[in-house]
Amino acid sequence: MSAVISASGLVKAFGATRHSKGIVAVDNVSFALGKGKAIGLVGESGSGKSTLARMLVGLTRPDAGTIEIEGRVRAWRERGRAARLRRAKEVQMVFQDPYGSLDRRLTVGAALRDCLRRHHTGESTAGDLMDRVGLASRLLDSRPHQLSGGQRQRVAIAKALAVNPSVLVLDEATSALDVSVQAQILALLNEIRVTTGVSLIFVSHDLAVVGEVTDTILVMYLGKAVEQGETADVLRRPQHPYTEMLLSSAPGPDWQPERVAELRAAFAGEHERVGG
Ligand SMILES: Nc1ncnc2c1ncn2[C@@H]1O[C@H](COP(=O)(O)OP(=O)(O)OP(=O)(O)O)[C@@H](O)[C@H]1O
């Protein structure tokens, strides 16, 4: 598989001093993702998923390791507008709260046209982008607060697509939505992946959601990738007790709260032994 994006030995620590390593948010994580493929980065709060995602997008510089996109190693020294625009074309990110990426004062149309202009992306119009994310073009005159949560997230996806990126990172992008809206957005993302060949990275605490839409899964715990594999294998035969715990904590027909508590205790014990 020739990878569209690959990470090798990524490390990021916060608050390190001469005497302490600080918090190692991402600890030697590697993975590769092919064109048009989808990977899920899963783990509980604090496991390092967002820090990893921020490094992939270019918002946070790793302490060690490399990121290669379309065969080109990301050079962190490069600053300025050209480097920023190139990084934007490489990887786009959609956040949980679309208010974070949408200007409240701009209409949807103005925001999309602004993106298209800045990135000189071919022939697409704001109307085309609306079409691609399943929104009626009459909403081009709306402002973010006039839209539903699902519509706002569609606009955030349209803005990301305006740049025509190789990779789209979705950081808990459907977590705040109702289950049925969540399913619609996931279906939309899957369709976009098939039609455009964009590669998708789903960052989520929810293994069940990620399981629906990914080819592979990387499970993170305390900054480390504790398990990585084909989605079907990871869901059916988890190799690591932490993955098993994440799977059992997703409330479903087979949910057993006692088993979750048991696994959590067992895993904490194991981790102490490894860590100590
Ligand atoms: N800017 C920062 N300064 C200091 N510590 C940070 C910073 N960003 C993240 N951390 C720490 O790094 C660890 C990993 O955080 P991160 O946000 O990447 O995890 P996460 O899995 O995405 O969790 P969440 O879903 O809650 O965002 C946590 O212990 C967090 O407190």
# chains A, B, ... in the order shown; residues from 1 in each chain; ligands from 1
call {"tool": "select_by_dssp", "arguments": {"residues": "stretch 49-240 of chain A", "states": "strand (DSSP E)", "output": "PyMOL selection string"}}
result
chain A and resi 64-69+72-73+91-94+167-171+199-204+216-221+224-230
call {"tool": "residues_near_ligand", "arguments": {"ligand": "ligand 1", "cutoff": "6 Å", "atoms": "only C-alpha atoms and all ligand atoms", "output": "PyMOL selection string"}}
result
chain A and resi 14+25+43-51
call {"tool": "closest_residue", "arguments": {"among": "A:Asp128, A:Glu191, A:Asp178, A:Glu172", "to": "A:Gly150", "atoms": "only C-alpha atoms"}}
result
A:Asp178
call {"tool": "select_by_dssp", "arguments": {"residues": "stretch 139-196 of chain A", "states": "alpha helix (DSSP H)", "output": "PyMOL selection string"}}
result
chain A and resi 149-162+179-196
call {"tool": "write_last_selection", "arguments": {"atoms": "N, CA and C atoms", "output": "tab-separated table (two decimals), in the first residue's frame"}}
result
chain	number	residue	atom	x	y	z
A	149	GLY	N	-27.56	21.64	14.19
A	149	GLY	CA	-26.22	21.10	14.46
A	149	GLY	C	-25.70	20.27	13.29
A	150	GLY	N	-26.58	19.44	12.73
A	150	GLY	CA	-26.18	18.59	11.61
A	150	GLY	C	-25.84	19.43	10.37
A	151	GLN	N	-26.65	20.47	10.11
A	151	GLN	CA	-26.39	21.34	8.96
A	151	GLN	C	-25.06	22.08	9.14
A	152	ARG	N	-24.82	22.55	10.38
A	152	ARG	CA	-23.55	23.27	10.65
A	152	ARG	C	-22.36	22.35	10.38
A	153	GLN	N	-22.50	21.09	10.80
A	153	GLN	CA	-21.39	20.17	10.60
A	153	GLN	C	-21.21	19.90	9.10
A	154	ARG	N	-22.30	19.87	8.34
A	154	ARG	CA	-22.18	19.72	6.89
A	154	ARG	C	-21.44	20.91	6.28
A	155	VAL	N	-21.73	22.11	6.79
A	155	VAL	CA	-21.02	23.30	6.28
A	155	VAL	C	-19.53	23.20	6.61
A	156	ALA	N	-19.22	22.75	7.83
A	156	ALA	CA	-17.81	22.61	8.21
A	156	ALA	C	-17.11	21.61	7.28
A	157	ILE	N	-17.82	20.55	6.91
A	157	ILE	CA	-17.24	19.56	5.99
A	157	ILE	C	-17.07	20.18	4.60
A	158	ALA	N	-18.06	20.97	4.18
A	158	ALA	CA	-17.97	21.64	2.86
A	158	ALA	C	-16.76	22.58	2.82
A	159	LYS	N	-16.54	23.31	3.92
A	159	LYS	CA	-15.39	24.22	3.98
A	159	LYS	C	-14.09	23.45	3.85
A	160	ALA	N	-14.02	22.31	4.54
A	160	ALA	CA	-12.82	21.49	4.46
A	160	ALA	C	-12.62	20.97	3.03
A	161	LEU	N	-13.73	20.58	2.39
A	161	LEU	CA	-13.62	20.03	1.03
A	161	LEU	C	-13.25	21.10	0.01
A	162	ALA	N	-13.56	22.37	0.31
A	162	ALA	CA	-13.24	23.47	-0.60
A	162	ALA	C	-11.76	23.49	-0.93
A	179	VAL	N	-28.24	10.63	17.51
A	179	VAL	CA	-27.83	9.39	16.85
A	179	VAL	C	-28.22	9.35	15.37
A	180	SER	N	-29.45	9.80	15.04
A	180	SER	CA	-29.87	9.68	13.64
A	180	SER	C	-29.12	10.67	12.76
A	181	VAL	N	-28.85	11.87	13.28
A	181	VAL	CA	-28.09	12.87	12.50
A	181	VAL	C	-26.64	12.38	12.36
A	182	GLN	N	-26.14	11.80	13.43
A	182	GLN	CA	-24.79	11.24	13.42
A	182	GLN	C	-24.66	10.20	12.29
A	183	ALA	N	-25.65	9.33	12.17
A	183	ALA	CA	-25.63	8.29	11.14
A	183	ALA	C	-25.64	8.92	9.75
A	184	GLN	N	-26.42	10.01	9.59
A	184	GLN	CA	-26.47	10.68	8.27
A	184	GLN	C	-25.12	11.28	7.91
A	185	ILE	N	-24.47	11.90	8.90
A	185	ILE	CA	-23.16	12.54	8.62
A	185	ILE	C	-22.11	11.47	8.31
A	186	LEU	N	-22.17	10.36	9.03
A	186	LEU	CA	-21.22	9.28	8.76
A	186	LEU	C	-21.43	8.73	7.35
A	187	ALA	N	-22.70	8.59	6.95
A	187	ALA	CA	-23.00	8.09	5.60
A	187	ALA	C	-22.48	9.09	4.55
A	188	LEU	N	-22.67	10.37	4.83
A	188	LEU	CA	-22.18	11.41	3.91
A	188	LEU	C	-20.65	11.32	3.76
A	189	LEU	N	-19.96	11.18	4.90
A	189	LEU	CA	-18.50	11.11	4.85
A	189	LEU	C	-18.03	9.90	4.05
A	190	ASN	N	-18.74	8.81	4.24
A	190	ASN	CA	-18.39	7.60	3.50
A	190	ASN	C	-18.58	7.80	2.00
A	191	GLU	N	-19.67	8.48	1.64
A	191	GLU	CA	-19.94	8.75	0.23
A	191	GLU	C	-18.85	9.67	-0.36
A	192	ILE	N	-18.48	10.69	0.41
A	192	ILE	CA	-17.45	11.63	-0.05
A	192	ILE	C	-16.12	10.91	-0.26
A	193	ARG	N	-15.84	9.99	0.67
A	193	ARG	CA	-14.60	9.22	0.55
A	193	ARG	C	-14.60	8.41	-0.74
A	194	VAL	N	-15.73	7.78	-1.05
A	194	VAL	CA	-15.80	6.94	-2.25
A	194	VAL	C	-15.71	7.81	-3.51
A	195	THR	N	-16.41	8.95	-3.52
A	195	THR	CA	-16.46	9.74	-4.75
A	195	THR	C	-15.19	10.58	-4.96
A	196	THR	N	-14.56	11.05	-3.88
A	196	THR	CA	-13.39	11.93	-4.07
A	196	THR	C	-12.05	11.22	-3.83
call {"tool": "residues_around", "arguments": {"residues": "A:Thr107", "least_positions_apart": "5", "cutoff": "9 Å", "atoms": "only C-alpha atoms", "output": "number ranges by chain"}}
result
A: 112, 139-144
call {"tool": "write_last_selection", "arguments": {"atoms": "C-alpha atoms", "output": "PDB file, in the first residue's frame"}}
result
ATOM      1  CA  LEU A 112     -17.345  28.960   1.353  1.00  0.00           C
ATOM      2  CA  LEU A 139     -28.962  27.959   2.876  1.00  0.00           C
ATOM      3  CA  LEU A 140     -26.026  29.866   1.336  1.00  0.00           C
ATOM      4  CA  ASP A 141     -27.611  33.039   2.752  1.00  0.00           C
ATOM      5  CA  SER A 142     -27.919  31.653   6.290  1.00  0.00           C
ATOM      6  CA  ARG A 143     -25.580  32.331   9.178  1.00  0.00           C
ATOM      7  CA  PRO A 144     -24.284  29.485  11.397  1.00  0.00           C
TER       8      PRO A 144
END
call {"tool": "closest_atom_pairs", "arguments": {"of": "stretch 109-213 of chain A", "to": "stretch 84-100 of chain A", "cutoff": "6 Å", "atoms": "only C-alpha atoms", "output": "CSV"}}
result
residue,atom,partner,partner_atom,distance
A:Gln153,CA,A:Pro98,CA,5.8
A:Ala160,CA,A:Gln92,CA,5.7
A:Val163,CA,A:Lys89,CA,5.7
A:Pro165,CA,A:Lys89,CA,4.6
A:Ser166,CA,A:Glu90,CA,5.2
A:Val167,CA,A:Val91,CA,4.7
A:Leu168,CA,A:Gln92,CA,4.9
A:Val169,CA,A:Met93,CA,4.5
A:Leu170,CA,A:Val94,CA,4.9
A:Asp171,CA,A:Phe95,CA,5.0
A:Glu172,CA,A:Gln96,CA,5.0
A:Ala173,CA,A:Gln96,CA,4.2
call {"tool": "closest_residue", "arguments": {"among": "A:Leu222, A:Ala3, A:Leu135, A:Val213", "to": "A:Ala32", "atoms": "only C-alpha atoms"}}
result
A:Ala3
call {"tool": "atom_distance", "arguments": {"atom1": "atom CA of A:Ala7", "atom2": "atom CA of A:Val210"}}
result
19.9 Å
call {"tool": "closest_residue", "arguments": {"among": "A:Asp27, A:Glu78, A:Asp233, A:Glu212", "to": "A:Gly65", "atoms": "only C-alpha atoms"}}
result
A:Asp27
call {"tool": "residues_around", "arguments": {"residues": "A:Leu41", "least_positions_apart": "2", "cutoff": "12 Å", "atoms": "only C-alpha atoms", "output": "PDB file with C-alpha atoms, in the first residue's frame"}}
result
ATOM      1  CA  VAL A  29       2.963   6.323  17.586  1.00  0.00           C
ATOM      2  CA  SER A  30       3.212   5.116  13.985  1.00  0.00           C
ATOM      3  CA  PHE A  31       0.615   4.299  11.342  1.00  0.00           C
ATOM      4  CA  LEU A  33      -3.170   5.273   5.657  1.00  0.00           C
ATOM      5  CA  ALA A  38     -10.391   5.409   6.694  1.00  0.00           C
ATOM      6  CA  ILE A  39      -8.696   4.874  10.046  1.00  0.00           C
ATOM      7  CA  GLY A  43      -9.269   5.912  23.220  1.00  0.00           C
ATOM      8  CA  GLU A  44     -10.733   7.535  26.304  1.00  0.00           C
ATOM      9  CA  SER A  45     -10.373  11.179  27.195  1.00  0.00           C
ATOM     10  CA  SER A  47      -5.335   9.135  25.720  1.00  0.00           C
ATOM     11  CA  GLY A  48      -3.639  11.546  23.294  1.00  0.00           C
ATOM     12  CA  LYS A  49      -5.959  11.350  20.272  1.00  0.00           C
ATOM     13  CA  SER A  50      -6.384  15.101  19.834  1.00  0.00           C
ATOM     14  CA  THR A  51      -2.680  15.782  20.269  1.00  0.00           C
ATOM     15  CA  LEU A  52      -1.942  13.193  17.590  1.00  0.00           C
ATOM     16  CA  ALA A  53      -4.590  14.725  15.304  1.00  0.00           C
ATOM     17  CA  VAL A 169      -9.421  14.507  10.090  1.00  0.00           C
ATOM     18  CA  LEU A 170     -12.734  14.352  11.962  1.00  0.00           C
ATOM     19  CA  ASP A 171     -12.110  15.077  15.635  1.00  0.00           C
ATOM     20  CA  GLU A 172     -15.234  13.811  17.452  1.00  0.00           C
ATOM     21  CA  LEU A 200     -10.369   9.907   6.446  1.00  0.00           C
ATOM     22  CA  ILE A 201      -9.088   9.892  10.020  1.00  0.00           C
ATOM     23  CA  PHE A 202     -11.849   9.535  12.622  1.00  0.00           C
ATOM     24  CA  VAL A 203     -10.835  10.617  16.127  1.00  0.00           C
ATOM     25  CA  SER A 204     -13.353   9.297  18.630  1.00  0.00           C
ATOM     26  CA  HIS A 205     -13.869   7.848  22.065  1.00  0.00           C
ATOM     27  CA  ASP A 206     -16.599   5.695  20.549  1.00  0.00           C
ATOM     28  CA  LEU A 207     -15.305   2.427  19.112  1.00  0.00           C
ATOM     29  CA  VAL A 209     -19.196   4.554  15.767  1.00  0.00           C
ATOM     30  CA  VAL A 210     -15.693   4.299  14.373  1.00  0.00           C
ATOM     31  CA  GLY A 211     -16.249   0.609  13.691  1.00  0.00           C
ATOM     32  CA  THR A 214     -13.267   2.621   9.085  1.00  0.00           C
ATOM     33  CA  ASP A 215     -10.970   0.052   7.485  1.00  0.00           C
ATOM     34  CA  THR A 216      -8.457   0.059  10.335  1.00  0.00           C
ATOM     35  CA  ILE A 217      -8.383   1.120  13.978  1.00  0.00           C
ATOM     36  CA  LEU A 218      -5.604   2.387  16.218  1.00  0.00           C
ATOM     37  CA  VAL A 219      -6.382   2.183  19.924  1.00  0.00           C
ATOM     38  CA  MET A 220      -4.584   4.676  22.181  1.00  0.00           C
ATOM     39  CA  TYR A 221      -4.041   4.469  25.905  1.00  0.00           C
ATOM     40  CA  GLY A 223      -0.292   8.177  24.603  1.00  0.00           C
ATOM     41  CA  LYS A 224       0.634   4.735  23.332  1.00  0.00           C
ATOM     42  CA  ALA A 225      -0.861   2.792  20.423  1.00  0.00           C
ATOM     43  CA  VAL A 226      -1.795  -0.352  22.364  1.00  0.00           C
ATOM     44  CA  GLU A 227      -3.527  -2.038  19.433  1.00  0.00           C
ATOM     45  CA  GLN A 228      -3.734  -1.521  15.708  1.00  0.00           C
ATOM     46  CA  GLY A 229      -5.388  -3.609  13.013  1.00  0.00           C
ATOM     47  CA  THR A 231     -11.449  -2.851  12.019  1.00  0.00           C
ATOM     48  CA  THR A 243      -9.614  -2.482  23.658  1.00  0.00           C
TER      49      THR A 243
END
call {"tool": "atom_distance", "arguments": {"atom1": "atom CA of A:Pro238", "atom2": "atom CA of A:Asn28"}}
result
21.1 Å
call {"tool": "atom_distance", "arguments": {"atom1": "atom CA of A:Leu235", "atom2": "atom CA of A:Val26"}}
result
23.2 Å
call {"tool": "closest_residue", "arguments": {"among": "A:Lys21, A:Leu129, A:Ala75, A:Leu246", "to": "A:Leu116", "atoms": "only C-alpha atoms"}}
result
A:Leu129
